file start_28.txt (compact mmCIF, C-alpha atoms)
# COMPACT_ATOMS: atom_id res chain seq x y z
CA MET A 19 2.16 -18.79 4.61
CA LYS A 20 2.65 -20.46 1.23
CA HIS A 21 0.80 -17.56 -0.43
CA ILE A 22 3.11 -15.00 1.18
CA TYR A 23 6.18 -16.80 -0.18
CA THR A 24 4.58 -16.97 -3.64
CA LEU A 25 3.79 -13.23 -3.55
CA PHE A 26 7.35 -12.43 -2.43
CA LEU A 27 8.78 -14.55 -5.26
CA LEU A 28 6.52 -12.82 -7.80
CA LEU A 29 7.59 -9.37 -6.56
CA SER A 30 11.26 -10.38 -6.76
CA VAL A 31 10.89 -11.49 -10.38
CA ILE A 32 9.12 -8.23 -11.32
CA SER A 33 11.82 -6.12 -9.67
CA GLN A 34 14.63 -8.06 -11.38
CA LYS A 35 13.14 -7.19 -14.79
CA SER A 36 14.09 -3.52 -14.40
CA LEU A 37 17.67 -4.36 -13.39
CA CYS A 38 18.23 -6.26 -16.64
CA GLN A 39 17.15 -3.43 -18.97
CA ASP A 40 19.49 -1.77 -21.47
CA SER A 41 21.40 1.28 -20.22
CA SER A 42 21.59 3.03 -23.60
CA ALA A 43 20.55 6.65 -24.18
CA SER A 44 17.06 5.56 -25.26
CA TYR A 45 16.62 4.09 -21.78
CA TYR A 46 16.73 7.60 -20.34
CA SER A 47 14.59 9.35 -22.92
CA GLY A 48 11.05 10.33 -22.09
CA TYR A 49 11.23 9.53 -18.39
CA ASP A 50 9.96 12.23 -16.11
CA GLU A 51 10.57 12.42 -12.41
CA TRP A 52 7.76 13.92 -10.38
CA ASP A 53 6.53 14.90 -6.94
CA ASP A 54 2.79 15.09 -6.20
CA TYR A 55 0.92 16.34 -3.18
CA PHE A 56 -2.65 15.88 -1.99
CA MET A 57 -4.13 13.13 -4.16
CA PRO A 58 -7.61 12.03 -3.00
CA GLY A 59 -8.67 8.47 -3.67
CA ILE A 60 -11.09 5.66 -3.03
CA GLY A 61 -10.71 1.93 -2.65
CA TYR A 62 -11.96 -1.28 -1.13
CA ARG A 63 -10.62 -3.22 1.86
CA SER A 64 -11.19 -6.68 3.30
CA TYR A 65 -10.10 -7.57 6.83
CA TYR A 66 -9.74 -11.18 7.99
CA PRO A 67 -9.36 -11.34 11.79
CA ILE A 68 -7.95 -14.44 13.47
CA ASN A 69 -11.29 -15.01 15.22
CA LYS A 70 -13.37 -15.30 12.03
CA LYS A 71 -15.83 -17.62 13.74
CA ASP A 72 -17.20 -14.89 16.04
CA LEU A 73 -16.18 -11.73 14.17
CA GLY A 74 -16.64 -12.79 10.53
CA VAL A 75 -14.83 -11.18 7.60
CA TYR A 76 -15.05 -7.39 7.29
CA ASN A 77 -15.43 -5.59 3.95
CA GLY A 78 -16.01 -2.00 2.90
CA PHE A 79 -14.94 1.09 1.04
CA VAL A 80 -11.91 3.11 2.05
CA THR A 81 -11.22 6.80 1.49
CA GLU A 82 -7.54 7.54 1.03
CA PHE A 83 -5.62 10.78 0.78
CA VAL A 84 -2.07 10.66 -0.56
CA ILE A 85 -0.08 13.29 1.28
CA TYR A 86 3.06 12.96 -0.85
CA ALA A 87 4.01 10.75 -3.82
CA ARG A 88 7.29 10.69 -5.71
CA ALA A 89 8.76 8.94 -8.74
CA LYS A 90 12.49 8.88 -9.25
CA GLY A 91 14.37 7.04 -11.96
CA LYS A 92 17.75 6.74 -13.58
CA ASN A 93 19.05 10.05 -14.79
CA LYS A 94 22.21 9.95 -16.88
CA ASN A 95 23.19 13.46 -15.74
CA HIS A 96 23.18 12.70 -12.02
CA ILE A 97 25.04 10.27 -9.80
CA TYR A 98 22.77 7.45 -8.65
CA THR A 99 22.02 7.48 -4.95
CA PRO A 100 20.44 4.30 -3.57
CA SER A 101 16.82 5.03 -2.71
CA PRO A 102 13.40 3.71 -3.73
CA SER A 103 12.10 4.83 -7.11
CA ARG A 104 8.56 5.23 -5.71
CA VAL A 105 7.45 6.75 -2.41
CA LYS A 106 3.85 7.19 -1.27
CA THR A 107 2.74 8.57 2.11
CA TYR A 108 -0.97 8.51 2.84
CA GLY A 109 -3.79 8.47 5.34
CA ASN A 110 -6.96 6.44 5.04
CA LEU A 111 -10.28 5.93 6.80
CA CYS A 112 -12.81 3.15 6.40
CA ILE A 113 -15.87 1.63 8.05
CA LEU A 114 -16.09 -2.10 7.45
CA ASN A 115 -19.15 -4.32 7.80
CA SER A 116 -18.90 -7.92 8.95
CA THR A 117 -20.25 -11.01 7.25
CA GLU A 118 -21.28 -12.16 10.75
CA PRO A 119 -24.70 -10.57 11.51
CA THR A 120 -24.05 -10.22 15.26
CA ALA A 121 -20.65 -8.51 14.87
CA LYS A 122 -20.39 -4.73 15.08
CA LYS A 123 -18.89 -2.51 12.39
CA ILE A 124 -15.18 -1.66 12.62
CA PHE A 125 -13.65 1.76 11.92
CA PHE A 126 -10.02 1.94 10.74
CA SER A 127 -7.92 5.10 10.70
CA ASN A 128 -4.36 4.73 9.39
CA ILE A 129 -1.35 6.61 8.15
CA GLY A 130 1.16 4.76 6.04
CA ILE A 131 4.15 4.77 3.76
CA ASN A 132 4.89 2.62 0.70
CA LEU A 133 8.35 2.30 -0.83
CA SER A 134 9.33 0.46 -3.99
CA PHE A 135 11.68 -2.51 -3.87
CA GLU A 136 13.43 -1.13 -6.93
CA GLY A 137 15.76 1.84 -6.95
CA ARG A 138 15.73 2.55 -10.69
CA ALA A 139 12.28 1.67 -12.01
CA GLN A 140 11.62 3.24 -15.38
CA ARG A 141 8.22 1.70 -16.03
CA LYS A 142 4.95 3.20 -14.87
CA TYR A 143 3.21 -0.10 -14.10
CA CYS A 144 3.63 -3.24 -11.95
CA ILE A 145 6.06 -1.76 -9.43
CA PRO A 146 6.46 -3.96 -6.31
CA ILE A 147 6.15 -2.07 -3.02
CA PHE A 148 6.47 -2.63 0.71
CA GLY A 149 5.56 -0.42 3.62
CA LEU A 150 3.98 0.10 7.01
CA GLU A 151 0.60 1.34 8.25
CA VAL A 152 -0.07 2.48 11.81
CA GLY A 153 -3.31 3.65 13.31
CA GLY A 154 -6.37 2.67 15.26
CA LEU A 155 -9.08 0.06 15.07
CA TYR A 156 -12.35 1.06 16.73
CA GLN A 157 -15.68 -0.52 17.62
CA ARG A 158 -18.45 0.81 19.84
CA ASN A 159 -17.00 -0.57 23.12
CA PHE A 160 -13.47 -1.37 22.00
CA SER A 161 -10.47 0.45 20.56
CA THR A 162 -6.85 -0.53 19.99
CA PHE A 163 -3.64 0.63 18.37
CA GLN A 164 -2.68 -1.43 15.34
CA PHE A 165 0.23 -1.61 12.91
CA SER A 166 0.55 -3.50 9.66
CA PRO A 167 3.62 -4.33 7.57
CA THR A 168 2.44 -4.25 3.94
CA VAL A 169 3.49 -5.67 0.59
CA GLY A 170 1.89 -5.06 -2.79
CA VAL A 171 2.11 -3.73 -6.33
CA GLN A 172 1.50 -0.31 -7.83
CA LEU A 173 -0.36 -1.43 -10.94
CA LEU A 174 -0.28 2.10 -12.35
CA SER A 175 2.11 4.81 -11.20
CA ASN A 176 2.23 8.08 -13.09
CA LYS A 177 1.97 11.79 -12.34
CA LYS A 178 -1.81 11.89 -12.64
CA ALA A 179 -2.93 8.60 -11.04
CA LEU A 180 -1.87 5.79 -8.70
CA LEU A 181 -3.55 2.38 -8.66
CA SER A 182 -2.29 0.08 -5.91
CA ILE A 183 -3.12 -3.31 -4.43
CA GLN A 184 -1.59 -4.47 -1.19
CA GLY A 185 -1.89 -7.02 1.55
CA SER A 186 -0.81 -6.70 5.15
CA LYS A 187 -0.45 -8.60 8.39
CA LEU A 188 -2.33 -6.62 11.04
CA TYR A 189 -1.16 -6.66 14.68
CA THR A 190 -3.22 -5.20 17.53
CA ASN A 191 -2.03 -4.42 21.05
CA LYS A 192 -5.36 -5.45 22.66
CA LEU A 193 -7.19 -8.75 22.15
CA PHE A 194 -4.32 -9.88 19.95
CA ASP A 195 -5.66 -13.45 19.51
CA GLU A 196 -8.99 -12.16 18.18
CA TYR A 197 -8.41 -8.95 16.21
CA SER A 198 -4.98 -9.50 14.65
CA GLY A 199 -5.24 -10.85 11.14
CA PHE A 200 -4.78 -9.98 7.47
CA THR A 201 -6.03 -7.15 5.28
CA VAL A 202 -6.21 -6.87 1.50
CA SER A 203 -6.96 -3.57 -0.21
CA ALA A 204 -7.03 -1.83 -3.57
CA THR A 205 -6.95 1.96 -3.94
CA PHE A 206 -7.08 4.46 -6.80
CA ASN A 207 -5.78 8.02 -6.31
CA VAL A 208 -6.05 10.92 -8.76
CA LEU A 209 -4.17 14.22 -8.92
CA LEU A 210 -6.77 17.00 -9.02
CA TRP A 211 -4.42 19.99 -8.97
CA ASN A 212 -1.02 20.60 -10.58
call {"tool": "encode", "arguments": {"input": "start_28.txt", "output": "structure tokens"}}
result
Amino acid sequence: MKHIYTLFLLLSVISQKSLCQDSSASYYSGYDEWDDYFMPGIGYRSYYPINKKDLGVYNGFVTEFVIYARAKGKNKNHIYTPSPSRVKTYGNLCILNSTEPTAKKIFFSNIGINLSFEGRAQRKYCIPIFGLEVGGLYQRNFSTFQFSPTVGVQLLSNKKALLSIQGSKLYTNKLFDEYSGFTVSATFNVLLWN
């Protein structure tokens, strides 16, 4: 729990940096707002279930497909409406292998949304985000619905590429005391078409 508070404090400090920036004309120059659709990507995920003794820790590659991504900043010609400066909706799939030899592989399928904490982020790096993933967790003889509140950072956020890291608290509706846990993931998405 101490690590979650530390992460939250770090994200708060990063988001406060953008609020303290100068509001002169140079602040607005060179910033482009954008909307992107259909950005394929790849990443890596680790899943730490509560019952690590029997299940182990799961690791593996994730394929991600950004359905919609948006960047919005301060524009001196428009009235500011409170909303996040970054939005990312996505779906991802992954098959994770356990460190425990007797445990079966797990298949995750999720859809999710990430929103930035900041409403006026001008930078294209280190943007703190929060969000929610919902989906399914499947093994050979077991399946369950799961949802995960997420928190993380978009390390790179521009029109052509998104690099994100995030952690989440995973909740399952079956075998809650065994399969609920934490996930950590990093993904990289690229715009292939304009």
call {"tool": "closest_residue", "arguments": {"input": "start_28.txt", "among": "A:Ile145, A:Val208, A:Val80, A:Val152", "to": "Leu133 in chain A", "atoms": "all atoms listed in the file"}}
result
A:Ile145
call {"tool": "closest_residue", "arguments": {"input": "start_28.txt", "among": "A:Tyr86, A:Tyr156, A:Tyr62, A:Phe125", "to": "Ser182 in chain A", "atoms": "all atoms listed in the file"}}
result
A:Tyr62
call {"tool": "closest_residue", "arguments": {"input": "start_28.txt", "among": "A:Ser127, A:Asn132, A:Thr81, A:Ser64", "to": "Gln164 in chain A", "atoms": "only C-alpha atoms"}}
result
A:Ser127
call {"tool": "residues_around", "arguments": {"input": "start_28.txt", "residues": "Glu51 in chain A", "least_positions_apart": "4", "cutoff": "9 Å", "atoms": "all atoms listed in the file", "output": "VMD selection string"}}
result
chain A and resid 88 to 91 177
call {"tool": "closest_residue", "arguments": {"input": "start_28.txt", "among": "A:Tyr76, A:Pro58, A:Ser116, A:Lys122", "to": "Gln157 in chain A", "atoms": "only C-alpha atoms"}}
result
A:Lys122
call {"tool": "closest_residue", "arguments": {"input": "start_28.txt", "among": "A:Ile113, A:Ala204, A:Val84, A:Ile68", "to": "Leu181 in chain A", "atoms": "all atoms listed in the file"}}
result
A:Ala204
